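The next block holds one structure in the form of structure tokens; read it before the comments.
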Amino acid sequence: MALLSPAPSVSKEPLPCPPLMQATNSKILSLRAQTIFGSKGKLDGIEQTHLKLCTDANISGLKLKASMETPGLTREPKSDKLESPVVTKNGSKLFDEMKLRFLSFKKHKYMENLEHFENLAKGQAPKFMVIACADSRVCPSSILGFQPGEAFVVRNVANMVPSYESGPSETNAALEFAVNSLKVENILVIGHSCCGGIRALMSMHDDVETSSFIGSWVVVGMNARLRTKAAASNLSFDRQCRHCEKESVNCSLGNLLTYPWIEEKVRNGELSIHGGYYDFVDCTFEKWTLDYNASNWKEEGGKVATKNRTFWC
């Protein structure tokens with residue numbers, strides 16, 4: 001994963017604009033409010049790049065130029081007023097609202113913590129790696145308050161960790177980078193309520209060969225499904241899914257130990273592995289830690305032991 005270095009600044013002051021209004025040939029240039037990232041007029045004083053308008057050869061001396069100021073290290077907005085969303089041709093305001101949220105972040109987070117973000121531009125040293133579900137209702141930064149630079153996050157369907165023997169995937173590529181390069185001290189796998197991926201897993205038959213992308217992925221949690229069926233067969237399907245949502249997290253904790261460089265660091269006390277469960281129906285969070293010494297994960301059908309289980313509600 002490459003780290004981008006800020007580009008050198010060539011010009012610290014805005015380039016002067018030529019007197020365009022003095023152009024006599026209206027067919028050559030008609031001044032209108034220029035649209036910048038979907039909004040009209042100036043970008044409320046936020047100037048990342050200073051531009052000159054470019055016309056055809058009939059107007060001499062006009063060229064398109066841009067200063068080489070470092071992206072992001074810009075002047076603080078001159079006004080607290082943000083533009084109202086502009087309805088696009090298809091009636092969608094989604095990106096206009098997204099723009100306002102970004103500008104609010106820039107003014108109230110980025111600019112007010114500029115030194116912190118400048119340091120992050122030079123490198124990252126997060127203490128946590130978080131593996132969470134891609135479900136739109138489960139955002140680790142929102143529910144656990146992670147700030148930029150604090151957690152290296154990977155999200156996939158049903159927050160699953162494949163075993164080392166399963167072969168390459170984006171999840172174990174992220175594990176390799178986070179553990180070996182970033183030297184994270186904690187890995188946290190977060191399951192959640194009403195998980196569609198777990199429901200798909202529990203709806204499968206043991207002997208069915210999967211053909212869909214989702215089916216091919218969720219079989220990573222097949223051991224969790226089998227253990228759930230054995231332990232909770234007398235419960236309703238919904239209750240079985242809830243049981244499997246937590247059992248799947250523990251299976252992922254065990255799969256983490258199949259990676260030699262993870263197991264070594266856990267054994268040496270350099271890395272801790274944790275499980276979590278977020279119930280967004282009741283807004284509660286359950287957290288536990290893998291007990292390496294008490295686990296028999298190397299044995300066939302072995303399970304991981306846990307400790308330090310706490311409930312946040």
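Labels for the structure tokens follow display order: chains A, B, ..., residues from 1 in each chain, ligands from 1.
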
Spatial neighbours of Gly215 in chain A, max dist 12 Å, only C-alpha atoms, sep filter under 6 positions, as number ranges by chain | A: 157-158, 196-206, 208-209, 221-222

Could you write out that same residue set with C-alpha atoms as a short mmCIF file (atom, residue, chain, number, x, y, z; two decimals), in the first residue's frame?
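See part.cif below for the written result:
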```cif
data_model
loop_
_atom_site.label_atom_id
_atom_site.label_comp_id
_atom_site.auth_asym_id
_atom_site.auth_seq_id
_atom_site.Cartn_x
_atom_site.Cartn_y
_atom_site.Cartn_z
CA VAL A 157 -20.25 -9.98 3.68
CA ALA A 158 -20.94 -11.36 7.19
CA GLY A 196 -28.20 -11.20 5.74
CA GLY A 197 -24.99 -13.13 5.06
CA ILE A 198 -25.51 -15.36 8.09
CA ARG A 199 -29.14 -15.86 7.12
CA ALA A 200 -27.99 -17.01 3.67
CA LEU A 201 -25.53 -19.40 5.34
CA MET A 202 -28.20 -20.86 7.62
CA SER A 203 -30.56 -21.31 4.65
CA MET A 204 -28.10 -23.52 2.79
CA HIS A 205 -28.08 -27.32 2.81
CA ASP A 206 -24.97 -29.11 4.01
CA VAL A 208 -25.44 -28.28 -1.71
CA GLU A 209 -22.72 -27.06 -4.06
CA GLY A 221 -18.65 -19.98 8.01
CA MET A 222 -19.89 -23.54 7.44
#
```

Where in range 134-246 of chain A does DSSP assign strand (DSSP E or B), given as a ChimeraX atom specification?
-> /A:151-156,186-192

Would you save the residues from that selection as a PDB file, in the first residue's frame, using C-alpha atoms?
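Result written to out.pdb:
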```
ATOM      1  CA  ALA A 151      -8.326   1.669  12.898  1.00  0.00           C
ATOM      2  CA  PHE A 152      -7.452  -0.219   9.732  1.00  0.00           C
ATOM      3  CA  VAL A 153     -10.840  -1.505   8.588  1.00  0.00           C
ATOM      4  CA  VAL A 154     -11.840  -4.223   6.146  1.00  0.00           C
ATOM      5  CA  ARG A 155     -15.496  -5.023   5.521  1.00  0.00           C
ATOM      6  CA  ASN A 156     -17.013  -8.006   3.753  1.00  0.00           C
ATOM      7  CA  ASN A 186      -5.440  -5.710  18.209  1.00  0.00           C
ATOM      8  CA  ILE A 187      -7.696  -7.466  15.703  1.00  0.00           C
ATOM      9  CA  LEU A 188     -11.422  -7.031  16.347  1.00  0.00           C
ATOM     10  CA  VAL A 189     -14.003  -9.078  14.418  1.00  0.00           C
ATOM     11  CA  ILE A 190     -17.489  -7.558  14.743  1.00  0.00           C
ATOM     12  CA  GLY A 191     -20.675  -9.525  14.086  1.00  0.00           C
ATOM     13  CA  HIS A 192     -24.127  -7.969  14.186  1.00  0.00           C
TER      14      HIS A 192
END
```

Length of the CA of Glu185 in chain A to CA of Ser141 in chain A vector [Å] | 17.8 Å

Might you pull out every residue within 9 Å of Thr306 in chain A, with only C-alpha atoms counted and same-chain residues fewer than 4 positions away left off, and present them as a tab-separated table (two decimals) with all heavy atoms, in the first residue's frame?
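Generated file (selection-v6.tsv):
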```tsv
chain	number	residue	atom	x	y	z
A	250	ASN	N	-16.61	-16.38	16.47
A	250	ASN	CA	-15.62	-17.24	17.11
A	250	ASN	C	-14.89	-18.13	16.12
A	250	ASN	O	-13.70	-18.40	16.26
A	250	ASN	CB	-16.29	-18.08	18.19
A	250	ASN	CG	-16.62	-17.28	19.44
A	250	ASN	OD1	-15.93	-16.32	19.76
A	250	ASN	ND2	-17.67	-17.67	20.14
A	274	HIS	N	-9.86	-10.20	19.32
A	274	HIS	CA	-11.11	-9.94	20.03
A	274	HIS	C	-12.32	-10.19	19.12
A	274	HIS	O	-12.23	-10.07	17.90
A	274	HIS	CB	-11.17	-8.49	20.51
A	274	HIS	CG	-9.92	-8.02	21.19
A	274	HIS	ND1	-9.70	-8.17	22.54
A	274	HIS	CD2	-8.82	-7.41	20.68
A	274	HIS	CE1	-8.52	-7.66	22.85
A	274	HIS	NE2	-7.97	-7.19	21.74
A	275	GLY	N	-13.43	-10.52	19.75
A	275	GLY	CA	-14.69	-10.63	19.05
A	275	GLY	C	-15.66	-9.59	19.57
A	275	GLY	O	-15.56	-9.14	20.72
A	288	TRP	N	-15.58	-9.60	23.63
A	288	TRP	CA	-14.83	-10.64	24.32
A	288	TRP	C	-13.44	-10.79	23.67
A	288	TRP	O	-13.19	-10.27	22.58
A	288	TRP	CB	-15.59	-11.98	24.29
A	288	TRP	CG	-15.90	-12.53	22.93
A	288	TRP	CD1	-15.16	-13.41	22.20
A	288	TRP	CD2	-17.08	-12.25	22.14
A	288	TRP	NE1	-15.78	-13.70	21.01
A	288	TRP	CE2	-16.96	-13.01	20.96
A	288	TRP	CE3	-18.20	-11.44	22.33
A	288	TRP	CZ2	-17.93	-12.99	19.95
A	288	TRP	CZ3	-19.16	-11.42	21.32
A	288	TRP	CH2	-19.02	-12.18	20.16
A	289	THR	N	-12.55	-11.49	24.36
A	289	THR	CA	-11.17	-11.66	23.91
A	289	THR	C	-10.84	-13.15	23.81
A	289	THR	O	-11.26	-13.94	24.66
A	289	THR	CB	-10.19	-10.99	24.88
A	289	THR	OG1	-10.47	-9.58	24.93
A	289	THR	CG2	-8.74	-11.19	24.45
A	290	LEU	N	-10.13	-13.52	22.77
A	290	LEU	CA	-9.72	-14.91	22.60
A	290	LEU	C	-8.70	-15.28	23.68
A	290	LEU	O	-7.75	-14.54	23.93
A	290	LEU	CB	-9.11	-15.10	21.21
A	290	LEU	CG	-8.60	-16.50	20.87
A	290	LEU	CD1	-8.90	-16.86	19.42
A	290	LEU	CD2	-7.08	-16.61	21.10
A	291	ASP	N	-8.92	-16.42	24.30
A	291	ASP	CA	-7.99	-16.95	25.31
A	291	ASP	C	-7.11	-17.98	24.61
A	291	ASP	O	-7.49	-19.14	24.43
A	291	ASP	CB	-8.77	-17.59	26.46
A	291	ASP	CG	-7.87	-17.97	27.63
A	291	ASP	OD1	-6.66	-18.13	27.42
A	291	ASP	OD2	-8.39	-18.13	28.75
A	292	TYR	N	-5.93	-17.55	24.22
A	292	TYR	CA	-5.05	-18.41	23.41
A	292	TYR	C	-4.65	-19.67	24.16
A	292	TYR	O	-4.69	-20.78	23.61
A	292	TYR	CB	-3.80	-17.62	23.00
A	292	TYR	CG	-2.79	-18.45	22.23
A	292	TYR	CD1	-2.96	-18.69	20.87
A	292	TYR	CD2	-1.67	-18.97	22.87
A	292	TYR	CE1	-2.04	-19.45	20.16
A	292	TYR	CE2	-0.75	-19.73	22.17
A	292	TYR	CZ	-0.93	-19.97	20.82
A	292	TYR	OH	-0.02	-20.73	20.12
A	294	ALA	N	-6.08	-21.33	26.53
A	294	ALA	CA	-7.15	-22.26	26.85
A	294	ALA	C	-7.84	-22.83	25.61
A	294	ALA	O	-8.72	-23.69	25.73
A	294	ALA	CB	-8.19	-21.57	27.74
A	295	SER	N	-7.46	-22.37	24.44
A	295	SER	CA	-8.12	-22.81	23.20
A	295	SER	C	-7.49	-24.10	22.68
A	295	SER	O	-6.28	-24.33	22.83
A	295	SER	CB	-8.02	-21.72	22.13
A	295	SER	OG	-8.70	-20.54	22.53
```

Mind the document's chain letters and residue numbers, and return as a ChimeraX atom specification the residues of range 130-185 of chain A that DSSP labels helix (DSSP H, G or I).
-> /A:140-144,157-159,164-166,170-181

In Å to one decimal, how far is CA of Ser193 in chain A from CA of Asn234 in chain A?
->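 Pair CA of Asn234 in chain A / CA of Ser193 in chain A returns 19.9 Å.
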
For Arg137 in chain A, the nearest of the candidates A:Ser272, A:Lys99, A:Ala305, A:Cys195, counting only C-alpha atoms =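 Once distances to Arg137 in chain A are computed over only C-alpha atoms, the minimum belongs to A:Cys195.
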
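Of the listed residues (A:Leu253, A:Lys246, A:His108, A:Ala125), A:Ala125 comes nearest to Phe177 in chain A; the distances count only C-alpha atoms.
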
Atomic separation - CA of Ala132 in chain A relative to CA of Trp261 in chain A, Å |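 Separating CA of Trp261 in chain A from CA of Ala132 in chain A is a distance of 21.3 Å.
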
List as a PDB file with C-alpha atoms, in the first residue's frame the protein and nucleic acid residues near Leu257 in chain A, meaning an atom at most 10 Å away when only C-alpha atoms are counted, but skip any in the same chain fewer than 5 places from it.
```pdb
ATOM      1  CA  SER A 163      -8.595 -19.776   6.941  1.00  0.00           C
ATOM      2  CA  TYR A 164      -4.994 -19.527   5.802  1.00  0.00           C
ATOM      3  CA  SER A 252     -13.256 -16.351  12.468  1.00  0.00           C
ATOM      4  CA  ILE A 262      -0.685 -14.082  13.433  1.00  0.00           C
ATOM      5  CA  GLU A 263      -0.443 -17.148  15.668  1.00  0.00           C
ATOM      6  CA  GLU A 264       3.200 -16.358  16.471  1.00  0.00           C
ATOM      7  CA  LYS A 265       2.410 -12.796  17.512  1.00  0.00           C
ATOM      8  CA  VAL A 266      -0.557 -13.906  19.624  1.00  0.00           C
ATOM      9  CA  ARG A 267       1.546 -16.583  21.305  1.00  0.00           C
ATOM     10  CA  ILE A 273      -7.617 -11.040  19.047  1.00  0.00           C
ATOM     11  CA  TYR A 292      -5.049 -18.406  23.412  1.00  0.00           C
ATOM     12  CA  TRP A 297      -8.133 -24.715  17.934  1.00  0.00           C
ATOM     13  CA  LYS A 298      -5.437 -27.008  16.458  1.00  0.00           C
ATOM     14  CA  VAL A 304     -11.521 -21.234  20.745  1.00  0.00           C
TER      15      VAL A 304
END
```
